[in-house]
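Report on the structure given below.
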Amino acid sequence: MTKPVVHVDHVEKIFGKKSENSFKALDGVSFDIYPGEFVGIMGPSGAGKTTLLNVVSTLDNATSGKIEIAGKDITMMKQNELADFRSSELGFIFQDFNLLETLTIYENIALPLSLQGVSSRKIKPLVHQVAEKLGIKAILAKYPVAVSGGQKQRAAAARALVHEPAIILADEPTGALDSKNARSLMETLEHLNSHHEVSIMLVTHDPLSASYCERILFIQDGALYKEIHRLDDQAEFHQQILNVLAEFTSLDRS
Amino acid sequence: MLWKLLTSSMKKMWKDYIVLLFGLTVSIAIFYMFQTLAQNKAFLEANALIGSIVFVFHVGTFILAFVTIFYIFYATSFILSLRQKELGMYMTLGAKKGKVTQMMFFETLLIGFISLVIGLIVGVGLAEVIAGLLMKQLGFNGGGFEAFYSSSLITTVIFYAILFLLTAAVNAVKVASKSVLDLVRASQQADPVVTKGWKIFFGTLFSIILIAIGYYAMINMGTFMQVGVIVAAITVTLGTYFFFMALLPFIVKRLKSIRSLNEKGLNAFTFSQLQFRISQLTKVLGTVTMLIALGLGAMAAGLSFYHNIAIQTSMIYANDVAVYEPTEEQLAEMDSLEFLERNNYSYKVTDEGVYFLKDDLLNNPPLIQKFTGDIDQLTETARVDDPLDQAEYSDTATNEEQMISDDWSTALRNELLATFRIFGDRTLYIVNQEKFGQIESEVASVMVGRVENFLDHEDTLAAIDEHNKEIASGYTGSTPDMIGSKYDNYTSLKALANGTIFMGLFLGIAFLMMMASVLMFKLLSSASADTHRYQMLRKIGVRRSKLSASIYKELFLVFLFPSLLGFVHVIVGMEMFSIILIEPFTKIWIPVTIFLVIYVSYYLLTVQMYKRIVLPKEK
Ligand SMILES: Nc1ncnc2c1ncn2[C@@H]1O[C@H](COP(=O)(O)OP(=O)(O)OP(=O)(O)O)[C@@H](O)[C@H]1O
Ligand SMILES: [Mg+2]
């Protein structure tokens, strides 16, 4: 049996110190993500999705429980180790402000490699290779302001991918895109996942985006509520997702 | 209710408000400090060598006021940029436009008032400390200088009150003229810098040509005179602005295009930040450069003037010491001076005359400073070699042959100090041994000596002057105020120059502080807009120490270029003074050190405040 890339074991996250002010945003969440998996995280607003992603991505630390990424326990690491860990093992795509607007797309994508001390001779072919995969070769010399929202997110995906991280973490990457661009980005991610074995953990609100995943974890009030798997048909999976979400709305009403 | 919202969000943005308050306070403090001198006419006129000093300070006040007005308008518009999004939000929630406008007005005024109070207190303190330090260093007790000077206080208050009222009104009008949507959408997005190739090319060309013309005019000041000053002022200023508009972006672009450098660690980010910064700051950097040049120039010129006094006195005197009738003790003490050369000359004094023994003078002819007629080197040290064939010479002889020659006269007066101060209206004679023996008086002697550096022995020289004055009172019956020795001349020139130097330094320091704070404020006021970039980098895994290093590097370069260019301007500009100063570069390290201390402190302070704003907190 292969080892999971992400192993989350009874993780709790409590905001605030004092008991009366404290809020339990994550309440004993456990799950695994295996290499090459494309996992979606869904749930109603305030359920703790972003919190979960932040804890997994080492941007925030868990109050208790254990998180292992690529076999390394990140809960015990120091700030600098965490930074180094993020730069080598994780790739990020955020909703917006992904790219540094003072750098060209090329420089943005090259940044993770430069940070790891890859020589500039090796950087160029790597950047071109990943840009090719994402279909953004033509805009490498441009600045972020000069490209479309969809292209920006592709560039962000390229940057998340270029240093071959253990997993890509994405928080609402399609949140700021129109449906056409959203679809195209999701197709690209799916392609990366199925053809290049890239592991992806995706937080999203959008059922259509979520339907590109292989597996979806639903969380509710900081705890795992349900898990569904895609069989084959994407449209069917989409419907399945909508059904689960409908359960939440009815729960809300009751 | 609205007020409550405002104060609460002011608390949230306290970092930005601290930057703003700091900027305003510094400006007010410096303006006040400058006024304490500029308005003290009595002090200026009593303590300056230069007659037009009051005019110089008027010009200084004008430049400072000019810079201050821009600074304050910029700083207060910063309040608006901090606020407008929020004000827009209140308006969408139903707050009346009039109310919001009013709030902006009072907020600007309130911040102005707070900074005025703090600024004046800091200003009094600064004036006290800086004046105290300078006076102590210069050994100058400028009586009449007051750190707490009420007329400057009033001027400063009026000047800033008007400025703040105006800017408050401007801010209010700006809010009033904007639609709700304009306000809500207001955000500072950093556009990348893409400068056109031909613009850079011509700008660079202009910059180099203009600066070259200015430098040429300054170096050849002797030929161009006033026209040269005007030409240099215009071309160097313009060239400097072109430098920051074209040449510097060009250099950074070149740096960036070196792949192996740009793609190393965070360099791509650091350079792009720098590029972005420079494009935003061209005018500020140009202005800072020019005012650094002015401030540093004022200090350097003042100080080199001061240090040239020693050189100037050395141009008149070849020897450093002349002691009349030295006592045994004095002779013993004198050994510590380590004379390069010392000679004794015998003389006798009667009621009518002073008789120097020719043989002594001929055996050890004294050194004097001879005029050469050459502009570059006015005098040179030489031994008197005029023959003394006659039996007797005097300075009142009717017969040409028996007149004491010019060189011998210089030797007696400047080197042996045989003047009316010591001998009254006695006639000077040089006589041979035979005549000398016939004069009915005791033989006395004067010792003349030359040391390595007379400034090493100031105490001894002062004591010798006193001793000579006593001797003089024995001959003339009254003690002279001055004895006319080299040291005597040096101290009185220095006393005169001190006031001027004090003012030059004071002026220079005020300008440098002002400039550095303009730069600092400009950098910090745009810091908030950079925050998301640093957060982004932190998220994708850049160590905090690397981000910090990037900030140090970037701001270092931003601070470096104006100082470097300003420094070169000063070095070349000092050449102008070579027509009035003998060695314009003596001790240039002193103003340079003062400048570096001020500038480096500002740099470090800026880095710290910038880091505090842009770097996320770490547990
Ligand atoms: N820094 C914080 N301090 C206190 N409570 C927080 C903090 N961050 C989040 N929370 C709380 O934790 C809960 C989960 O927040 P989280 O941002 O993870 O929700 P989410 O599922 O991402 O919601 P959304 O879909 O709206 O983005 C919320 O109730 C939120 O109020
Ligand atoms: Mg969220």
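We label chains A, B, ... in the order they appear in the structure tokens, count residues from 1 in each chain, and number ligands from 1 in the order shown.
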Task: Contact set, chain B to chain A: 12 Å, only C-alpha atoms, as number ranges by chain - done: B: 188-194, 256-277, 279, 529-547, 616-619
Task: Expected answer as an MDAnalysis selection string: strand (DSSP E) residues in stretch 30-253 of chain A - done: chainID A and resid 30:33 38:42 64:69 72:73 90:93 167:171 200:203 215:220 223:229
Could you save those same residues with C-alpha atoms as an mmCIF file, in the first residue's frame?
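Resulting contents of selection-v2.cif:
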```
data_model
loop_
_atom_site.group_PDB
_atom_site.id
_atom_site.type_symbol
_atom_site.label_atom_id
_atom_site.label_comp_id
_atom_site.auth_asym_id
_atom_site.auth_seq_id
_atom_site.Cartn_x
_atom_site.Cartn_y
_atom_site.Cartn_z
ATOM 1 C CA SER A 30 -9.118 12.870 9.960
ATOM 2 C CA PHE A 31 -8.464 11.896 6.348
ATOM 3 C CA ASP A 32 -5.742 10.832 3.932
ATOM 4 C CA ILE A 33 -4.877 11.944 0.434
ATOM 5 C CA PHE A 38 -7.629 15.001 -6.763
ATOM 6 C CA VAL A 39 -9.592 15.752 -3.619
ATOM 7 C CA GLY A 40 -12.172 18.466 -3.167
ATOM 8 C CA ILE A 41 -13.233 20.032 0.124
ATOM 9 C CA MET A 42 -16.756 21.441 0.273
ATOM 10 C CA SER A 64 -4.006 19.391 18.476
ATOM 11 C CA GLY A 65 -3.757 16.322 16.280
ATOM 12 C CA LYS A 66 -1.188 15.278 13.748
ATOM 13 C CA ILE A 67 -0.548 16.264 10.145
ATOM 14 C CA GLU A 68 1.983 14.532 7.924
ATOM 15 C CA ILE A 69 2.823 15.679 4.425
ATOM 16 C CA LYS A 72 6.962 14.506 7.390
ATOM 17 C CA ASP A 73 5.229 15.604 10.546
ATOM 18 C CA LEU A 90 3.742 22.623 -1.510
ATOM 19 C CA GLY A 91 2.251 24.507 -4.408
ATOM 20 C CA PHE A 92 -0.359 27.199 -3.814
ATOM 21 C CA ILE A 93 -3.162 28.643 -5.878
ATOM 22 C CA ILE A 167 0.784 18.404 -3.453
ATOM 23 C CA ILE A 168 -0.973 21.449 -4.833
ATOM 24 C CA LEU A 169 -3.296 23.272 -2.458
ATOM 25 C CA ALA A 170 -5.947 25.482 -3.977
ATOM 26 C CA ASP A 171 -8.415 27.717 -2.128
ATOM 27 C CA ILE A 200 -4.341 18.258 -5.655
ATOM 28 C CA MET A 201 -6.387 19.388 -2.673
ATOM 29 C CA LEU A 202 -9.035 21.893 -3.704
ATOM 30 C CA VAL A 203 -11.357 23.988 -1.578
ATOM 31 C CA ARG A 215 -13.343 12.488 -4.307
ATOM 32 C CA ILE A 216 -15.042 15.124 -2.215
ATOM 33 C CA LEU A 217 -14.943 15.603 1.531
ATOM 34 C CA PHE A 218 -17.844 17.591 2.941
ATOM 35 C CA ILE A 219 -17.332 19.323 6.230
ATOM 36 C CA GLN A 220 -19.874 20.865 8.503
ATOM 37 C CA ALA A 223 -16.153 18.051 11.346
ATOM 38 C CA LEU A 224 -16.183 15.606 8.452
ATOM 39 C CA TYR A 225 -19.788 15.151 7.380
ATOM 40 C CA LYS A 226 -19.683 13.003 4.293
ATOM 41 C CA GLU A 227 -17.370 11.700 1.616
ATOM 42 C CA ILE A 228 -18.362 10.922 -1.979
ATOM 43 C CA HIS A 229 -16.404 9.405 -4.881
#
```
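Proximity to B:Val19 at 10 Å, evaluated using only C-alpha atoms and with sequence-adjacent residues fewer than 5 positions away removed, yields Trp14, Leu24, Thr25, Ala75, Met520, Phe521, Lys522, Leu524, Ser525, Thr606, Met609, Tyr610 and Ile613 of chain B.
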TODO: Could I get the residue neighbourhood of ligand 1 at 10 Å, counting only C-alpha atoms and all ligand atoms, as a PyMOL selection string?
DONE: chain A and resi 13-17+21-26+41-55+60+171-172+203-205+219-222
Open item on the list: Can you pull out every residue from stretch 44-221 of chain A that DSSP, working from the backbone, puts in helix (DSSP H, G or I), and format the result as a ChimeraX atom specification?
Closed with: /A:49-56,74-76,79-89,105-115,120-134,137-139,144-146,149-161,179-196,207-210
- [ ] Choose the residue, out of A:Gly36, A:Leu245, A:Ala70, A:Ile105, that has the smallest atom-to-atom separation from A:Val147; count only C-alpha atoms.
- [x]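 Using only C-alpha atoms, the shortest distance to A:Val147 belongs to A:Ile105.
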- [ ] For each of A:Ala138, A:Pro207, A:Glu12, A:Pro173, take the minimum atom-to-atom distance to ligand 2, counting only C-alpha atoms and all ligand atoms, then give the residue where this is smallest.
- [x]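 Selected residue with least distance to ligand 2: A:Pro173.
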Task: For atom CA of B:Pro387 and atom CA of B:Gln438, the interatomic separation in Å (one decimal) - done: 23.0 Å
- [ ] Identify, on the basis of only C-alpha atoms, every residue whose closest approach to B:Tyr603 does not exceed 9 Å; exclude the query and any residue fewer than 3 positions from it along the same chain; express the result as a PyMOL selection string.
- [x] chain B and resi 516+520+552+555-556+559+598-600+606-608
Open item on the list: Using Å and a single decimal, report how far atom CA of B:Val124 sits from atom CA of B:Val26.
Closed with: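 Computing it gives 11.9 Å between the two atoms.
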